[in-house]
Amino acid sequence: MIEEFKNFVPLIDENDPLKIKLVGETYCDKHFHIVRPNSDLNALEFILDGCGTLDIDGQHLEPTKDDIFFLKVGSQHKYKSDAQNPWHKLWVVFVGDFADSLIDCYLPKDVFLFKNCHPVKKYFEEIVQISREDIPYDVMVSRITVNLVSIFMYIRN
């Protein structure tokens with residue numbers, strides 16, 4: 001597995017309504033497998049290529065190219081990349097009151113997989129690009145927020 005990511009946890013102000021914790025890109029391999037019995041994060045992950053499985057809160061899902069999957073705080077989930085055709089994905093991890101509002105207002109309850117979301121690929125690419133810039137954390141969060149809201153609006157519509 002090759003993973004490039006930025007960890008912003010040390011920069012977070014607990015009073016911020018949206019906290020961007022991590023942003024990254026992962027080239028999974030046949031051994032990629034994550035298990036969280038009680039997740040402490042929200043994440044949106046865009047599949048650039050490959051396939052795999054996501055088991056979350058009793059649902060078995062199969063995210064593939066151009067799909068988005070959502071991991072929610074408090075969920076029980078495990079996900080793994082296909083051994084023959086592993087995922088290449090972009091992702092963002094976020095929490096906070098504003099994140100909770102976006103989730104409550106824009107995402108259908110208990111839906112964790114959004115198929116054929118190719119038009120939002122550009123927003124994920126922008127989030128990763130912004131995270132790699134040498135800018136203050138608050139400026140980065142503001143710029144990423146615009147892209148997150150665009151992703152949430154696309155999913156809702």
# chains A, B, ... in the order shown; residues from 1 in each chain; ligands from 1
>>> select_by_dssp(residues="chain A", states="strand (DSSP E or B)", output="PyMOL selection string")
chain A and resi 2-7+19-27+33-36+42-49+51-56+59-61+64+68-71+77-81+88-95+113-114
>>> residues_around(residues="Glu25 (chain A)", least_positions_apart="6", cutoff="10 Å", atoms="only C-alpha atoms", output="PyMOL selection string")
chain A and resi 2-6+45-48+88-92+124-125+128
>>> write_last_selection(atoms="N, CA and C atoms", output="mmCIF file, in the first residue's frame")
data_model
loop_
_atom_site.group_PDB
_atom_site.id
_atom_site.type_symbol
_atom_site.label_atom_id
_atom_site.label_comp_id
_atom_site.auth_asym_id
_atom_site.auth_seq_id
_atom_site.Cartn_x
_atom_site.Cartn_y
_atom_site.Cartn_z
ATOM 1 N N ILE A 2 0.482 2.194 -0.782
ATOM 2 C CA ILE A 2 1.135 3.506 -0.777
ATOM 3 C C ILE A 2 0.078 4.512 -0.346
ATOM 4 N N GLU A 3 0.417 5.301 0.662
ATOM 5 C CA GLU A 3 -0.545 6.271 1.166
ATOM 6 C C GLU A 3 0.166 7.596 1.400
ATOM 7 N N GLU A 4 -0.386 8.631 0.813
ATOM 8 C CA GLU A 4 0.093 9.983 1.049
ATOM 9 C C GLU A 4 -1.029 10.731 1.748
ATOM 10 N N PHE A 5 -0.740 11.253 2.928
ATOM 11 C CA PHE A 5 -1.783 11.980 3.642
ATOM 12 C C PHE A 5 -1.174 13.066 4.504
ATOM 13 N N LYS A 6 -2.040 13.998 4.867
ATOM 14 C CA LYS A 6 -1.667 15.073 5.786
ATOM 15 C C LYS A 6 -2.530 14.919 7.038
ATOM 16 N N GLU A 45 -14.899 8.997 1.044
ATOM 17 C CA GLU A 45 -13.839 8.406 0.251
ATOM 18 C C GLU A 45 -14.332 8.234 -1.183
ATOM 19 N N PHE A 46 -13.573 8.769 -2.124
ATOM 20 C CA PHE A 46 -13.917 8.688 -3.547
ATOM 21 C C PHE A 46 -13.017 7.642 -4.196
ATOM 22 N N ILE A 47 -13.626 6.682 -4.867
ATOM 23 C CA ILE A 47 -12.880 5.602 -5.501
ATOM 24 C C ILE A 47 -12.497 6.032 -6.918
ATOM 25 N N LEU A 48 -11.204 6.244 -7.119
ATOM 26 C CA LEU A 48 -10.692 6.594 -8.446
ATOM 27 C C LEU A 48 -10.628 5.378 -9.349
ATOM 28 N N HIS A 88 -7.846 2.637 -5.615
ATOM 29 C CA HIS A 88 -7.051 3.863 -5.572
ATOM 30 C C HIS A 88 -8.082 4.904 -5.181
ATOM 31 N N LYS A 89 -7.873 5.619 -4.079
ATOM 32 C CA LYS A 89 -8.931 6.485 -3.565
ATOM 33 C C LYS A 89 -8.388 7.782 -2.977
ATOM 34 N N LEU A 90 -9.251 8.789 -2.979
ATOM 35 C CA LEU A 90 -9.012 10.076 -2.327
ATOM 36 C C LEU A 90 -9.989 10.163 -1.167
ATOM 37 N N TRP A 91 -9.561 10.780 -0.064
ATOM 38 C CA TRP A 91 -10.433 10.796 1.103
ATOM 39 C C TRP A 91 -10.163 12.012 1.996
ATOM 40 N N VAL A 92 -11.193 12.309 2.787
ATOM 41 C CA VAL A 92 -11.101 13.402 3.753
ATOM 42 C C VAL A 92 -11.807 12.957 5.032
ATOM 43 N N PHE A 124 -12.861 16.335 -4.780
ATOM 44 C CA PHE A 124 -11.905 15.548 -3.994
ATOM 45 C C PHE A 124 -10.471 15.896 -4.391
ATOM 46 N N GLU A 125 -10.227 16.025 -5.680
ATOM 47 C CA GLU A 125 -8.889 16.401 -6.140
ATOM 48 C C GLU A 125 -8.491 17.761 -5.585
ATOM 49 N N VAL A 128 -7.555 17.490 -1.845
ATOM 50 C CA VAL A 128 -6.203 16.955 -1.671
ATOM 51 C C VAL A 128 -5.169 18.019 -2.030
#
>>> closest_atom_pairs(of="region 35-152 of chain A", to="region 8-12 of chain A", cutoff="12 Å", atoms="only C-alpha atoms", output="JSON lines")
{"residue": "A:Leu41", "atom": "CA", "partner": "A:Val9", "partner_atom": "CA", "distance": 11.9}
{"residue": "A:Val92", "atom": "CA", "partner": "A:Phe8", "partner_atom": "CA", "distance": 11.1}
{"residue": "A:Val93", "atom": "CA", "partner": "A:Phe8", "partner_atom": "CA", "distance": 9.9}
{"residue": "A:Phe94", "atom": "CA", "partner": "A:Val9", "partner_atom": "CA", "distance": 10.1}
{"residue": "A:Val95", "atom": "CA", "partner": "A:Ile12", "partner_atom": "CA", "distance": 10.5}
{"residue": "A:Gly96", "atom": "CA", "partner": "A:Ile12", "partner_atom": "CA", "distance": 10.6}
{"residue": "A:Ser131", "atom": "CA", "partner": "A:Phe8", "partner_atom": "CA", "distance": 9.2}
{"residue": "A:Arg132", "atom": "CA", "partner": "A:Phe8", "partner_atom": "CA", "distance": 11.1}
{"residue": "A:Pro136", "atom": "CA", "partner": "A:Leu11", "partner_atom": "CA", "distance": 9.4}
{"residue": "A:Tyr137", "atom": "CA", "partner": "A:Leu11", "partner_atom": "CA", "distance": 6.8}
{"residue": "A:Asp138", "atom": "CA", "partner": "A:Ile12", "partner_atom": "CA", "distance": 9.0}
{"residue": "A:Met140", "atom": "CA", "partner": "A:Phe8", "partner_atom": "CA", "distance": 10.3}
{"residue": "A:Val141", "atom": "CA", "partner": "A:Ile12", "partner_atom": "CA", "distance": 10.1}
>>> write_last_selection(atoms="C-alpha atoms", output="mmCIF file, in the first residue's frame")
data_model
loop_
_atom_site.group_PDB
_atom_site.id
_atom_site.type_symbol
_atom_site.label_atom_id
_atom_site.label_comp_id
_atom_site.auth_asym_id
_atom_site.auth_seq_id
_atom_site.Cartn_x
_atom_site.Cartn_y
_atom_site.Cartn_z
ATOM 1 C CA LEU A 41 -14.412 9.819 12.568
ATOM 2 C CA VAL A 92 -11.101 13.402 3.753
ATOM 3 C CA VAL A 93 -11.697 12.882 7.489
ATOM 4 C CA PHE A 94 -13.706 15.530 9.337
ATOM 5 C CA VAL A 95 -15.710 16.131 12.510
ATOM 6 C CA GLY A 96 -17.504 18.961 14.279
ATOM 7 C CA SER A 131 -4.291 20.119 1.892
ATOM 8 C CA ARG A 132 -0.822 20.001 0.340
ATOM 9 C CA PRO A 136 -2.632 28.416 7.541
ATOM 10 C CA TYR A 137 -4.965 25.712 8.876
ATOM 11 C CA ASP A 138 -7.993 28.043 9.100
ATOM 12 C CA MET A 140 -7.245 25.505 4.401
ATOM 13 C CA VAL A 141 -10.416 24.527 6.286
#
>>> select_by_dssp(residues="chain A", states="helix (DSSP H, G or I)", output="NGL selection string")
:A and (9-11 or 97-106 or 118-131 or 137-156)
>>> residues_around(residues="region 30-38 of chain A", least_positions_apart="3", cutoff="7 Å", atoms="only C-alpha atoms", output="list in words")
Gly74, Ser75, Gln76, His77, Lys78, Tyr79, Lys80, Ser81, Asp82, Ala83, Gln84 and Pro86 of chain A
>>> write_last_selection(atoms="C-alpha atoms", output="PDB file, in the first residue's frame")
ATOM      1  CA  GLY A  74     -20.157   5.864  15.899  1.00  0.00           C
ATOM      2  CA  SER A  75     -20.534   3.373  13.069  1.00  0.00           C
ATOM      3  CA  GLN A  76     -19.224  -0.143  13.170  1.00  0.00           C
ATOM      4  CA  HIS A  77     -17.416  -0.782   9.910  1.00  0.00           C
ATOM      5  CA  LYS A  78     -14.791  -2.769   8.117  1.00  0.00           C
ATOM      6  CA  TYR A  79     -13.619  -2.282   4.602  1.00  0.00           C
ATOM      7  CA  LYS A  80     -11.125  -3.927   2.339  1.00  0.00           C
ATOM      8  CA  SER A  81      -9.763  -3.625  -1.116  1.00  0.00           C
ATOM      9  CA  ASP A  82     -10.168  -6.358  -3.704  1.00  0.00           C
ATOM     10  CA  ALA A  83      -6.988  -8.441  -3.993  1.00  0.00           C
ATOM     11  CA  GLN A  84      -7.046  -8.522  -7.813  1.00  0.00           C
ATOM     12  CA  PRO A  86      -7.407  -2.850  -5.381  1.00  0.00           C
TER      13      PRO A  86
END
>>> closest_residue(among="A:Phe69, A:Trp87, A:Phe98, A:Phe152", to="Phe114 (chain A)", atoms="only C-alpha atoms")
A:Phe69
>>> closest_residue(among="A:Leu61, A:Ile144, A:Ile56, A:Cys117", to="Val23 (chain A)", atoms="only C-alpha atoms")
A:Ile144
>>> residues_around(residues="Ala99 (chain A)", least_positions_apart="2", cutoff="12 Å", atoms="only C-alpha atoms", output="NGL selection string")
:A and (16-21 or 41-44 or 72-73 or 92-97 or 101-107 or 141 or 145 or 148-149 or 152)
>>> residues_around(residues="Pro119 (chain A)", least_positions_apart="6", cutoff="10 Å", atoms="only C-alpha atoms", output="ChimeraX atom specification")
/A:66,151,154
>>> write_last_selection(atoms="N, CA, C and O atoms", output="mmCIF file, in the first residue's frame")
data_model
loop_
_atom_site.group_PDB
_atom_site.id
_atom_site.type_symbol
_atom_site.label_atom_id
_atom_site.label_comp_id
_atom_site.auth_asym_id
_atom_site.auth_seq_id
_atom_site.Cartn_x
_atom_site.Cartn_y
_atom_site.Cartn_z
ATOM 1 N N ASP A 66 -15.593 5.550 -9.256
ATOM 2 C CA ASP A 66 -16.493 6.701 -9.293
ATOM 3 C C ASP A 66 -17.556 6.707 -8.191
ATOM 4 O O ASP A 66 -18.454 7.543 -8.196
ATOM 5 N N ILE A 151 -19.789 18.614 -2.493
ATOM 6 C CA ILE A 151 -19.964 17.157 -2.520
ATOM 7 C C ILE A 151 -21.283 16.774 -1.869
ATOM 8 O O ILE A 151 -22.058 15.981 -2.420
ATOM 9 N N TYR A 154 -24.185 17.673 -4.125
ATOM 10 C CA TYR A 154 -24.292 16.737 -5.253
ATOM 11 C C TYR A 154 -24.978 15.445 -4.799
ATOM 12 O O TYR A 154 -25.882 14.949 -5.472
#
